[in-house]
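Some notes on the structure that comes next.
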Amino acid sequence: MAAGVEWTAIVLTCRRGGGVAALQRELELRRRRGALGRRPVLVLALEDPWAGVGSGGATLNAVLVAAEHLSARAGCTGREFSFDDCGRAFTCLPAEQPRAAAEALVCNLDSLLGTVTQRLCVGSPPGVWVCSTDMLLSVPSVPGIDWDGFQGVRVIAVPGSQAYARNHGVYLADEQGLVRDIIYKGTETQIQQCAGPDGTVPLVCGVVFFSSSAAEQLLATHVIPPLDACTYMGLDSGAPPIQLSLFFDIVLSMAGGMTEEDFVKGGGDASVRSARSVLWTALRAFPLSMACIPDASYDYLTTAASDHIRSLTLLPSSTSHLRFCKTAHSHVDQPLLLEDGSSVTNCLLEGAVRLAAGSVIQHCHLQGPLEIGPGCLLTGLTVDSSPALQGCPLRDVVLQGHHVRLRDLPCRVFTLTGRLDDWQSPAEEATYLNISWAEFFHWTGIRKGDLWDAETPQKDRCLLSARLFPVLHASEALGLEDVLWLLAPAASGERLARWRAAWRMSWQELLPCLDKAAELGARRDLFFLQGQHKVQCVLLGRQDGSLLPLIRSAVHEGYHEALLGTLDEVASTADDAGIAARALACIADVLGCMAHGEGGLRSGPAANREWASAFGRLESGDIAGGVRELAAERLKWMSSPALLVRAARHYEGAEQILIRQAVMSSCQFVTVCPVELPPLGHWVQVACPARLDLSGGWSDTPPITYEHGGAVVDVAVLVDGCRPIGARVRRIAEPELRLASLGGTPWGEAAVELVCRELGHLENYCQPHAPGALLKAAFICTQIVQFPSQKPLRDQLMENFGGGFEVHTWSRLPHGSGLGTSSILAGAVMAALYRAAGKVAGTESLIHAVLHLEQRLTTGGGWQDQVGGLVPGIKIGRSEARLPLRVEVEEILVPEGFARILSDHLLLVYTGKTRLARNLLQDVVRNWYARLPSIVQNADALVNNAEECARALRQGNLPLIGKCLDVYWQQKKCMAPGCEPLAVGRMMDALQPYVYGQCLAGAGGGGFLYVLTKEPQQKETLHQILAKTEGLGNFSIHSIEVDTGGFSMEVVGCDPNSSTHSGEDMAM
């Protein structure tokens, strides 16, 4: 939710019998979705104490009830509406809010709350806002209301034409903005008096603010007769009803141009005059000011169908915070059949449904072929109505399906009217279905006596009171065809007889029987039904739309089971592992949302044995069977937040299996060639540079890299003058695998030693934290060892190589350095293993081989590290958005001598903080699968910045490179919030004046910071600066140099420390 005020209470008033329980549920849902702000807020749907209490009485009653709950704050109000059974407040608008936390229909109430909360109220003092729901309101983002020194009551006005004002209310204000009078449907002279210099007049738009003191004084009147009759307390006390207007009885009492005599005499009857007298005494001392907001506008929701259709098909004012769209929260099979200027909201349109410009469909499930002409409004029609509509010409009509409850009997009623019809005009002057009543009677055979009782006065014989609409029939079920025949009554004697035999009601009689709860429930059912279609389209169409807001809504509103069923279906029937993986990620999100923030962290272990069978099916390629078993197991984990979170973790584990299978498609780009075996006991030694990622990182991470496409600029670097990562391998006579980690140098003592003599010793190769897991996985991925296999390890080694292997690895870099150590080390090990086994792999093959190894190892890394460390110099790696995953590397040709210049300006600063990237990776993948808009946009920006950085390097432009580094760091923080430790932030702030740009290496969170200094050779200078900076801990600064030679591989003698060697020495 955008920044705005935080409400203490929100009260929605409705008429008596207006479905208050259903409206209360709607407000509660908005609170749970977070649409009403972050702070706990009291929400009340409040029934008017009397049927005709009026807007002023409703306001007074609302303030009283809110005050009883929390000492006075609140406000909103509304009345009946012909074109939405739930009233103007819940009239749905053709708009979506893609950045909302939870996906939901946008009603006029939501729009007004957004306008008032985020625009009108900003800067206002505490008090009570009252806002009519009878209009669509648009206000600029900065309305420019001056609250300095404000006291009393303020009305909000919007500028309008004098012609429009003839049928509406306007304010007459003085030069100080104080209201003198409120004029309703005034004369031309009266309206001209209200005009400003530009000729516009300040229109009454239904928004009033009462300061705390004014609201308290208004509240105090609720105990004074006859105003007590406006509240529920008066009702309970037996007081006679009274009707008051908010503007012409309450607000007008404070208008400067009114006298007490004129104001009190303006009341209709004695009780109203008495009430006005009380209001004058209570409120007269408060100044009434006006704020007329330039560029604001409002559109009154009239009972004219033409106006309503126009409101839903014309784009709102440019100042509105909403943007109307042709299809909102709808699934349309053939969207090209919807003409521009039409509107579809909360619908499921299957097959060929053609909709002309100037027509609106809301809350309908229809099946084509259908053709709907211009000027139509269709609402509340179910799929069962489609056959009756097929072949029926619709033009300039309003066709609505209603949920009606007659005592305890629920039923469906259909109404049909014309776009040009007026509800209340006498029949002699009015139309029905856009033709005169006389022509209608002649056309259909219907008589006046069928519609109105003989004693009904002529002036009351109107469309509102005409008993046109069949409700019940003694022997037959009624349907849409029982009103549609009125459009084509030729040869319809049977239809006329059936119509006459039915019990019919007028719209006036139907209004009190409308079942708001059933209507809102049906809209919700349809919303989630089209939502299930949306899920299928987004996933199967590989679209970037986020499903997380829909998931949150489904959980909030109890539709999660249906959504889980749809996701199961997509995952099990997709012919693509990538689609299935995203569907499983969505299921994990549903389960996580069901935990409602309880049950522990989303990231965690996912190897419970109960899920092993399902995981095994996925590993074997049986995705459909695996998804079925996952769903069956899921049912056992739904009873508590802790179990739900653990189930979500296992769904993410299942998703990782499918990601691994997708990435391992890169194996086809690994080719090796046979070469002569080195002599027994001779070492194959590989030394590799580290890598700096200058831009684009995270775009190389699966699944982003094959769903979006990636581009990363990397530099191979020497650290303190040497290649810090290496491995050596030799064949030995014993048929075993000896694995040793030497710590920081090629000549150090072994920190970890393992000997594998059986295949069982390799079983934990896929557990990254198991000792020697990377080396074990390397033996399997290079196919030196076949695993699993019926043939023992000893036999495999003796038959193929005449003995076993010994492997030593080292790295001078600290754990979690961010310089790509583990992936580069994997590349070094695989290069050495291949060569020691009598094979050789080119650099491109090694890049893809490391991708394969890391998927088998289950660390799930991307490709930028091995590209950076195995390919010499400065380069950009790219991958396209497709499978199989293939990485292509392009050398960046920099100006002559620029590599040396870049080396002189680059420095590494060890932050002293260990980088922990695992949860970062899980969070990024989770957010990518959720397609959070910020993440999708950031993925685009990462790739674009990488290409920009490559251009800057080709130009040799240090300031532009530095700018790319700074942009890149902001992109990393967007991708993985929390990756900048506090001490690192202090360090970067201290260095900022001296550098063109700076960035934490790798995923962030700690490790090395690399900086591009403005001056060359700044190691000592930066050390002095950081030494004076508090709170940094143990840092160190290291020189780096662009390595244009690439990794080296040499076959040496039996003593790896000897300065002489035999065989080959080659840089790859």
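Ordering of the structure tokens sets the chain letters (A, B, ...); residue numbers start at 1 within each chain; ligands are numbered from 1 in the order shown.
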Can you list, as JSON, numbers by chain, every protein, DNA or RNA residue that comes within 7 Å of segment 755-762 of chain A when you count only C-alpha atoms, leaving out same-chain residues fewer than 5 positions away?
{"A": [736, 737, 738, 739, 776, 792, 793, 794]}
Just the selected residues (all heavy atoms), exported as an mmCIF file, in the first residue's frame, please.
```
data_model
loop_
_atom_site.group_PDB
_atom_site.id
_atom_site.type_symbol
_atom_site.label_atom_id
_atom_site.label_comp_id
_atom_site.auth_asym_id
_atom_site.auth_seq_id
_atom_site.Cartn_x
_atom_site.Cartn_y
_atom_site.Cartn_z
ATOM 1 N N GLU A 736 41.892 -47.125 -5.130
ATOM 2 C CA GLU A 736 41.118 -46.357 -4.169
ATOM 3 C C GLU A 736 41.193 -44.882 -4.558
ATOM 4 O O GLU A 736 42.002 -44.488 -5.411
ATOM 5 C CB GLU A 736 41.659 -46.558 -2.749
ATOM 6 C CG GLU A 736 43.096 -46.111 -2.590
ATOM 7 C CD GLU A 736 43.727 -46.522 -1.252
ATOM 8 O OE1 GLU A 736 43.194 -47.483 -0.649
ATOM 9 O OE2 GLU A 736 44.713 -45.898 -0.836
ATOM 10 N N LEU A 737 40.361 -44.074 -3.934
ATOM 11 C CA LEU A 737 40.355 -42.630 -4.179
ATOM 12 C C LEU A 737 40.816 -41.926 -2.909
ATOM 13 O O LEU A 737 40.203 -42.068 -1.850
ATOM 14 C CB LEU A 737 38.945 -42.139 -4.549
ATOM 15 C CG LEU A 737 38.250 -42.862 -5.707
ATOM 16 C CD1 LEU A 737 36.851 -42.289 -5.933
ATOM 17 C CD2 LEU A 737 39.068 -42.760 -6.981
ATOM 18 N N ARG A 738 41.930 -41.183 -3.028
ATOM 19 C CA ARG A 738 42.450 -40.425 -1.898
ATOM 20 C C ARG A 738 42.149 -38.949 -2.131
ATOM 21 O O ARG A 738 42.553 -38.385 -3.151
ATOM 22 C CB ARG A 738 43.961 -40.624 -1.760
ATOM 23 C CG ARG A 738 44.370 -42.064 -1.477
ATOM 24 C CD ARG A 738 45.870 -42.177 -1.427
ATOM 25 N NE ARG A 738 46.303 -43.571 -1.313
ATOM 26 C CZ ARG A 738 47.561 -43.976 -1.449
ATOM 27 N NH1 ARG A 738 48.525 -43.091 -1.709
ATOM 28 N NH2 ARG A 738 47.869 -45.258 -1.322
ATOM 29 N N LEU A 739 41.437 -38.351 -1.199
ATOM 30 C CA LEU A 739 40.968 -36.978 -1.351
ATOM 31 C C LEU A 739 41.544 -36.135 -0.222
ATOM 32 O O LEU A 739 41.402 -36.481 0.958
ATOM 33 C CB LEU A 739 39.436 -36.917 -1.297
ATOM 34 C CG LEU A 739 38.683 -37.976 -2.118
ATOM 35 C CD1 LEU A 739 37.173 -37.829 -1.923
ATOM 36 C CD2 LEU A 739 39.037 -37.856 -3.592
ATOM 37 N N LYS A 776 33.930 -36.063 -4.751
ATOM 38 C CA LYS A 776 33.204 -37.289 -5.076
ATOM 39 C C LYS A 776 32.286 -37.054 -6.286
ATOM 40 O O LYS A 776 32.222 -37.891 -7.202
ATOM 41 C CB LYS A 776 32.375 -37.747 -3.869
ATOM 42 C CG LYS A 776 33.209 -38.167 -2.667
ATOM 43 C CD LYS A 776 32.322 -38.437 -1.453
ATOM 44 C CE LYS A 776 33.137 -38.750 -0.210
ATOM 45 N NZ LYS A 776 32.296 -38.977 0.981
ATOM 46 N N PRO A 792 31.924 -53.181 -8.266
ATOM 47 C CA PRO A 792 32.581 -52.511 -7.143
ATOM 48 C C PRO A 792 33.579 -51.459 -7.626
ATOM 49 O O PRO A 792 34.101 -51.514 -8.741
ATOM 50 C CB PRO A 792 33.298 -53.657 -6.407
ATOM 51 C CG PRO A 792 32.586 -54.898 -6.832
ATOM 52 C CD PRO A 792 32.137 -54.646 -8.243
ATOM 53 N N LEU A 793 33.831 -50.489 -6.749
ATOM 54 C CA LEU A 793 34.754 -49.406 -7.071
ATOM 55 C C LEU A 793 36.130 -49.963 -7.425
ATOM 56 O O LEU A 793 36.749 -49.506 -8.403
ATOM 57 C CB LEU A 793 34.859 -48.440 -5.877
ATOM 58 C CG LEU A 793 35.862 -47.297 -6.019
ATOM 59 C CD1 LEU A 793 35.479 -46.381 -7.177
ATOM 60 C CD2 LEU A 793 35.941 -46.485 -4.716
ATOM 61 N N ARG A 794 36.607 -50.901 -6.660
ATOM 62 C CA ARG A 794 37.946 -51.471 -6.902
ATOM 63 C C ARG A 794 38.043 -52.027 -8.311
ATOM 64 O O ARG A 794 39.022 -51.757 -9.034
ATOM 65 C CB ARG A 794 38.210 -52.575 -5.865
ATOM 66 C CG ARG A 794 39.530 -53.314 -6.044
ATOM 67 C CD ARG A 794 39.617 -54.488 -5.076
ATOM 68 N NE ARG A 794 40.897 -55.165 -5.231
ATOM 69 C CZ ARG A 794 41.990 -54.849 -4.549
ATOM 70 N NH1 ARG A 794 41.966 -53.857 -3.681
ATOM 71 N NH2 ARG A 794 43.114 -55.517 -4.731
#
```
Pick out the residues sitting within 9 Å of His905 of chain A, and hand them over as an MDAnalysis selection string; count only C-alpha atoms, and ignore anything fewer than 6 positions along from it in its own chain.
chainID A and resid 958 995 1011:1018
With only C-alpha atoms as the counted atoms, please give the residues lying no more than 6 Å from segment 709-726 of chain A, apart from itself and same-chain residues fewer than 2 positions off, as a ChimeraX atom specification.
/A:686-697,699-700,705-706,809-812,868-869,872-881,943,946,1038-1043
Output C-alpha atoms for every residue in that selection, as a CSV table (one decimal), in the first residue's frame.
```
chain,number,residue,atom,x,y,z
A,686,VAL,CA,45.8,-26.9,-12.5
A,687,ALA,CA,45.9,-23.3,-11.2
A,688,CYS,CA,43.0,-20.8,-11.7
A,689,PRO,CA,42.5,-17.1,-11.2
A,690,ALA,CA,39.6,-15.8,-9.1
A,691,ARG,CA,36.8,-13.9,-10.8
A,692,LEU,CA,35.2,-10.5,-10.3
A,693,ASP,CA,31.6,-10.1,-11.5
A,694,LEU,CA,31.3,-6.6,-12.7
A,695,SER,CA,27.6,-6.7,-13.7
A,696,GLY,CA,24.7,-9.1,-14.4
A,697,GLY,CA,25.1,-11.6,-11.6
A,699,SER,CA,20.8,-13.5,-14.2
A,700,ASP,CA,23.0,-16.7,-14.6
A,705,THR,CA,19.0,-18.1,-16.7
A,706,TYR,CA,16.9,-20.4,-18.8
A,809,THR,CA,42.8,-29.1,-3.7
A,810,TRP,CA,43.6,-25.7,-2.3
A,811,SER,CA,42.4,-22.1,-2.2
A,812,ARG,CA,44.1,-19.1,-0.8
A,868,GLY,CA,35.0,-15.9,-14.8
A,869,GLY,CA,37.7,-18.2,-13.5
A,872,PRO,CA,41.0,-15.5,-19.4
A,873,GLY,CA,40.7,-11.8,-19.2
A,874,ILE,CA,37.5,-9.7,-19.5
A,875,LYS,CA,34.5,-11.2,-21.1
A,876,ILE,CA,30.7,-11.4,-21.1
A,877,GLY,CA,28.8,-14.7,-20.8
A,878,ARG,CA,25.3,-15.1,-22.1
A,879,SER,CA,22.5,-17.6,-22.0
A,880,GLU,CA,19.2,-17.5,-23.9
A,881,ALA,CA,15.8,-18.1,-22.3
A,943,VAL,CA,21.0,-8.0,-18.3
A,946,ALA,CA,25.7,-6.0,-18.2
A,1038,HIS,CA,44.5,-6.8,-1.6
A,1039,SER,CA,45.8,-5.9,-5.0
A,1040,ILE,CA,44.3,-7.6,-8.0
A,1041,GLU,CA,45.4,-7.9,-11.6
A,1042,VAL,CA,43.5,-8.8,-14.7
A,1043,ASP,CA,44.7,-12.4,-15.7
```
Could you pull out the helix (DSSP H, G or I) residues of segment 634-773 of chain A, going by DSSP on the backbone, and write them as an MDAnalysis selection string?
chainID A and resid 634:637 641:669 704:707 759:766 773
Output of the above residues as a compact mmCIF listing (two decimals), in the first residue's frame, restricted to N, CA and C atoms:
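Listing of result-v2.txt after writing:
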```txt
# COMPACT_ATOMS: atom_id res chain seq x y z
N ARG A 634 1.05 -34.43 1.07
CA ARG A 634 0.71 -33.08 1.54
C ARG A 634 -0.47 -33.09 2.51
N LEU A 635 -1.44 -33.96 2.26
CA LEU A 635 -2.64 -34.00 3.09
C LEU A 635 -2.32 -34.30 4.55
N LYS A 636 -1.17 -34.94 4.80
CA LYS A 636 -0.80 -35.29 6.18
C LYS A 636 -0.10 -34.13 6.90
N TRP A 637 0.14 -33.03 6.18
CA TRP A 637 0.96 -31.96 6.74
C TRP A 637 0.21 -30.63 6.78
N PRO A 641 0.67 -24.69 11.50
CA PRO A 641 1.63 -23.85 10.77
C PRO A 641 3.00 -24.48 10.63
N ALA A 642 3.48 -25.14 11.67
CA ALA A 642 4.81 -25.76 11.59
C ALA A 642 4.86 -26.84 10.51
N LEU A 643 3.81 -27.67 10.45
CA LEU A 643 3.78 -28.72 9.42
C LEU A 643 3.63 -28.11 8.03
N LEU A 644 2.83 -27.06 7.90
CA LEU A 644 2.67 -26.41 6.61
C LEU A 644 3.98 -25.85 6.09
N VAL A 645 4.76 -25.22 6.97
CA VAL A 645 6.06 -24.66 6.55
C VAL A 645 7.00 -25.78 6.15
N ARG A 646 7.01 -26.88 6.90
CA ARG A 646 7.88 -28.00 6.54
C ARG A 646 7.46 -28.61 5.20
N ALA A 647 6.14 -28.69 4.97
CA ALA A 647 5.66 -29.19 3.68
C ALA A 647 6.09 -28.25 2.55
N ALA A 648 6.02 -26.94 2.79
CA ALA A 648 6.44 -25.97 1.79
C ALA A 648 7.92 -26.15 1.45
N ARG A 649 8.74 -26.42 2.47
CA ARG A 649 10.17 -26.66 2.21
C ARG A 649 10.36 -27.89 1.32
N HIS A 650 9.56 -28.92 1.55
CA HIS A 650 9.73 -30.13 0.74
C HIS A 650 9.23 -29.91 -0.69
N TYR A 651 8.22 -29.06 -0.86
CA TYR A 651 7.83 -28.73 -2.23
C TYR A 651 8.93 -27.94 -2.93
N GLU A 652 9.61 -27.08 -2.19
CA GLU A 652 10.75 -26.39 -2.80
C GLU A 652 11.88 -27.36 -3.10
N GLY A 653 12.05 -28.39 -2.25
CA GLY A 653 13.02 -29.43 -2.55
C GLY A 653 12.66 -30.19 -3.81
N ALA A 654 11.36 -30.47 -3.99
CA ALA A 654 10.90 -31.14 -5.22
C ALA A 654 11.13 -30.26 -6.43
N GLU A 655 10.87 -28.98 -6.27
CA GLU A 655 11.11 -28.02 -7.36
C GLU A 655 12.58 -28.00 -7.76
N GLN A 656 13.48 -28.10 -6.76
CA GLN A 656 14.92 -28.11 -7.05
C GLN A 656 15.32 -29.34 -7.86
N ILE A 657 14.64 -30.46 -7.62
CA ILE A 657 14.92 -31.67 -8.42
C ILE A 657 14.65 -31.39 -9.89
N LEU A 658 13.53 -30.73 -10.18
CA LEU A 658 13.19 -30.46 -11.57
C LEU A 658 14.09 -29.39 -12.17
N ILE A 659 14.52 -28.41 -11.35
CA ILE A 659 15.49 -27.43 -11.85
C ILE A 659 16.78 -28.14 -12.23
N ARG A 660 17.21 -29.06 -11.38
CA ARG A 660 18.46 -29.81 -11.68
C ARG A 660 18.33 -30.56 -12.99
N GLN A 661 17.18 -31.18 -13.20
CA GLN A 661 17.00 -31.92 -14.44
C GLN A 661 17.04 -30.98 -15.65
N ALA A 662 16.46 -29.79 -15.49
CA ALA A 662 16.49 -28.82 -16.59
C ALA A 662 17.92 -28.38 -16.88
N VAL A 663 18.67 -28.06 -15.83
CA VAL A 663 20.04 -27.56 -16.01
C VAL A 663 20.95 -28.64 -16.57
N MET A 664 20.71 -29.88 -16.17
CA MET A 664 21.59 -30.95 -16.63
C MET A 664 21.43 -31.25 -18.11
N SER A 665 20.46 -30.56 -18.74
CA SER A 665 20.39 -30.64 -20.20
C SER A 665 21.64 -30.04 -20.84
N SER A 666 22.40 -29.25 -20.06
CA SER A 666 23.64 -28.66 -20.58
C SER A 666 24.73 -29.71 -20.81
N CYS A 667 24.50 -30.94 -20.33
CA CYS A 667 25.50 -32.01 -20.52
C CYS A 667 25.81 -32.23 -22.00
N GLN A 668 24.85 -31.97 -22.85
CA GLN A 668 25.07 -32.26 -24.27
C GLN A 668 26.12 -31.34 -24.88
N PHE A 669 26.50 -30.29 -24.14
CA PHE A 669 27.54 -29.39 -24.64
C PHE A 669 28.91 -29.69 -24.02
N ILE A 704 16.34 -18.63 -13.47
CA ILE A 704 16.29 -17.33 -14.15
C ILE A 704 17.01 -17.41 -15.49
N THR A 705 18.16 -18.08 -15.49
CA THR A 705 19.02 -18.06 -16.68
C THR A 705 18.37 -18.72 -17.89
N TYR A 706 17.51 -19.75 -17.68
CA TYR A 706 16.88 -20.38 -18.84
C TYR A 706 15.42 -19.98 -19.03
N GLU A 707 14.85 -19.24 -18.06
CA GLU A 707 13.49 -18.72 -18.24
C GLU A 707 13.48 -17.26 -18.69
N LEU A 759 32.05 -48.14 -3.27
CA LEU A 759 31.09 -47.21 -3.84
C LEU A 759 30.22 -46.57 -2.76
N GLY A 760 29.97 -47.29 -1.68
CA GLY A 760 29.17 -46.74 -0.60
C GLY A 760 29.77 -45.49 0.00
N HIS A 761 31.10 -45.37 -0.11
CA HIS A 761 31.75 -44.17 0.42
C HIS A 761 31.42 -42.91 -0.40
N LEU A 762 30.84 -43.11 -1.60
CA LEU A 762 30.50 -41.97 -2.46
C LEU A 762 29.03 -41.56 -2.35
N GLU A 763 28.27 -42.30 -1.55
CA GLU A 763 26.82 -42.08 -1.53
C GLU A 763 26.43 -40.65 -1.14
N ASN A 764 27.22 -40.00 -0.31
CA ASN A 764 26.86 -38.65 0.16
C ASN A 764 27.43 -37.56 -0.74
N TYR A 765 27.72 -37.91 -2.00
CA TYR A 765 28.26 -36.91 -2.92
C TYR A 765 27.29 -35.75 -3.16
N CYS A 766 26.00 -35.99 -2.95
CA CYS A 766 24.99 -34.95 -3.22
C CYS A 766 24.64 -34.15 -1.98
N ALA A 773 32.49 -33.89 -0.64
CA ALA A 773 31.35 -34.07 -1.54
C ALA A 773 31.65 -33.57 -2.95
```
Excluding segment 244-250 of chain A and its own-chain neighbours fewer than 6 positions away, which residues fall within 10 Å of it when counting only C-alpha atoms? Please give them as a short mmCIF file (atom, residue, chain, number, x, y, z; two decimals) with C-alpha atoms, in the first residue's frame.
```cif
data_model
loop_
_atom_site.label_atom_id
_atom_site.label_comp_id
_atom_site.auth_asym_id
_atom_site.auth_seq_id
_atom_site.Cartn_x
_atom_site.Cartn_y
_atom_site.Cartn_z
CA GLY A 52 -35.11 7.16 5.75
CA VAL A 53 -32.57 8.51 8.19
CA GLY A 54 -30.67 10.42 5.46
CA SER A 55 -26.96 11.01 4.97
CA GLY A 56 -26.71 13.36 7.96
CA GLY A 57 -28.47 10.97 10.30
CA ALA A 58 -26.38 8.06 9.01
CA THR A 59 -23.23 10.08 9.70
CA LEU A 60 -24.27 10.94 13.23
CA VAL A 130 -16.97 11.41 5.66
CA VAL A 155 -15.42 20.40 2.57
CA GLY A 169 -24.63 21.16 -5.71
CA ASP A 181 -23.67 28.90 1.13
CA ILE A 182 -24.40 25.55 -0.54
CA ILE A 183 -26.54 25.87 -3.65
CA TYR A 184 -28.33 22.83 -5.11
CA VAL A 204 -19.99 19.39 -4.02
CA GLY A 206 -19.45 14.34 -1.07
CA VAL A 207 -16.28 14.57 1.02
CA VAL A 208 -16.20 16.37 4.40
CA LEU A 218 -21.51 16.74 16.61
CA LEU A 227 -31.44 14.28 16.91
CA CYS A 230 -30.97 9.53 14.02
CA PHE A 263 -31.41 28.01 8.41
CA VAL A 264 -34.02 26.83 10.92
CA GLY A 266 -35.41 25.86 5.83
CA GLY A 267 -36.29 22.60 7.56
CA VAL A 272 -36.40 18.84 11.24
CA ARG A 273 -36.65 22.51 12.21
CA ALA A 275 -33.09 19.39 14.81
CA ARG A 276 -31.67 22.29 12.79
CA SER A 277 -31.93 24.51 15.81
CA LEU A 279 -27.29 21.75 15.11
CA TRP A 280 -27.02 25.54 14.77
CA LEU A 283 -21.83 23.68 15.35
CA ARG A 284 -22.22 27.33 14.40
#
```
Skip Leu349 of chain A itself and residues of its chain fewer than 2 positions away, then list as number ranges by chain all residues within 12 Å of it, counting only C-alpha atoms.
A: 327, 329-335, 337-338, 344-347, 351-355, 361-371, 381-383, 386, 526, 529-530, 533
Which is closest to Gln685 of chain A among A:Val483, A:Leu906, A:Cys513, A:Ala727, if we use only C-alpha atoms?
A:Ala727
Could you name the residues that touch Ala751 of chain A at 6 Å or less, counting only C-alpha atoms, but leaving out those on the same chain fewer than 4 positions away, as a list in words?
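Listed by chain and then number, they are Ser741, Leu742 and Gly743 of chain A.
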Counting only C-alpha atoms, which residues in segment 491-575 of chain A sit no more than 12 Å from segment 581-592 of chain A? For each one, give the nearest pair of atoms and the distance in Å, sorted by chain then residue number, as JSON lines.
```
{"residue": "A:Val535", "atom": "CA", "partner": "A:Ala583", "partner_atom": "CA", "distance": 9.0}
{"residue": "A:Gln536", "atom": "CA", "partner": "A:Ala583", "partner_atom": "CA", "distance": 9.4}
{"residue": "A:Cys537", "atom": "CA", "partner": "A:Ala583", "partner_atom": "CA", "distance": 11.8}
{"residue": "A:Val538", "atom": "CA", "partner": "A:Ala583", "partner_atom": "CA", "distance": 10.1}
{"residue": "A:Leu539", "atom": "CA", "partner": "A:Ala583", "partner_atom": "CA", "distance": 7.0}
{"residue": "A:Leu540", "atom": "CA", "partner": "A:Ala583", "partner_atom": "CA", "distance": 9.4}
{"residue": "A:Gly541", "atom": "CA", "partner": "A:Arg582", "partner_atom": "CA", "distance": 11.9}
{"residue": "A:Arg542", "atom": "CA", "partner": "A:Arg582", "partner_atom": "CA", "distance": 9.4}
{"residue": "A:Gln543", "atom": "CA", "partner": "A:Arg582", "partner_atom": "CA", "distance": 11.1}
{"residue": "A:Asp544", "atom": "CA", "partner": "A:Arg582", "partner_atom": "CA", "distance": 11.3}
{"residue": "A:Ser546", "atom": "CA", "partner": "A:Cys586", "partner_atom": "CA", "distance": 10.0}
{"residue": "A:Leu547", "atom": "CA", "partner": "A:Cys586", "partner_atom": "CA", "distance": 7.7}
{"residue": "A:Leu548", "atom": "CA", "partner": "A:Asp589", "partner_atom": "CA", "distance": 7.3}
{"residue": "A:Pro549", "atom": "CA", "partner": "A:Asp589", "partner_atom": "CA", "distance": 10.4}
{"residue": "A:Leu550", "atom": "CA", "partner": "A:Val590", "partner_atom": "CA", "distance": 9.7}
{"residue": "A:Ile551", "atom": "CA", "partner": "A:Val590", "partner_atom": "CA", "distance": 5.9}
{"residue": "A:Arg552", "atom": "CA", "partner": "A:Val590", "partner_atom": "CA", "distance": 7.4}
{"residue": "A:Ser553", "atom": "CA", "partner": "A:Val590", "partner_atom": "CA", "distance": 10.1}
{"residue": "A:Ala554", "atom": "CA", "partner": "A:Val590", "partner_atom": "CA", "distance": 8.5}
{"residue": "A:Val555", "atom": "CA", "partner": "A:Val590", "partner_atom": "CA", "distance": 7.1}
{"residue": "A:His556", "atom": "CA", "partner": "A:Val590", "partner_atom": "CA", "distance": 10.6}
{"residue": "A:Gly558", "atom": "CA", "partner": "A:Val590", "partner_atom": "CA", "distance": 11.4}
{"residue": "A:Tyr559", "atom": "CA", "partner": "A:Val590", "partner_atom": "CA", "distance": 10.5}
{"residue": "A:His560", "atom": "CA", "partner": "A:Val590", "partner_atom": "CA", "distance": 7.1}
{"residue": "A:Glu561", "atom": "CA", "partner": "A:Val590", "partner_atom": "CA", "distance": 9.4}
{"residue": "A:Ala562", "atom": "CA", "partner": "A:Val590", "partner_atom": "CA", "distance": 11.1}
{"residue": "A:Leu563", "atom": "CA", "partner": "A:Val590", "partner_atom": "CA", "distance": 8.4}
{"residue": "A:Leu564", "atom": "CA", "partner": "A:Ile587", "partner_atom": "CA", "distance": 6.4}
{"residue": "A:Gly565", "atom": "CA", "partner": "A:Ile587", "partner_atom": "CA", "distance": 9.5}
{"residue": "A:Thr566", "atom": "CA", "partner": "A:Ala583", "partner_atom": "CA", "distance": 9.3}
{"residue": "A:Leu567", "atom": "CA", "partner": "A:Ala583", "partner_atom": "CA", "distance": 5.7}
{"residue": "A:Asp568", "atom": "CA", "partner": "A:Ala583", "partner_atom": "CA", "distance": 7.5}
{"residue": "A:Glu569", "atom": "CA", "partner": "A:Ala583", "partner_atom": "CA", "distance": 9.1}
{"residue": "A:Val570", "atom": "CA", "partner": "A:Ala583", "partner_atom": "CA", "distance": 6.7}
{"residue": "A:Ala571", "atom": "CA", "partner": "A:Ala583", "partner_atom": "CA", "distance": 5.4}
{"residue": "A:Ser572", "atom": "CA", "partner": "A:Ala583", "partner_atom": "CA", "distance": 9.2}
{"residue": "A:Thr573", "atom": "CA", "partner": "A:Ala583", "partner_atom": "CA", "distance": 10.8}
{"residue": "A:Ala574", "atom": "CA", "partner": "A:Ala583", "partner_atom": "CA", "distance": 9.4}
{"residue": "A:Asp575", "atom": "CA", "partner": "A:Ala581", "partner_atom": "CA", "distance": 11.3}
```
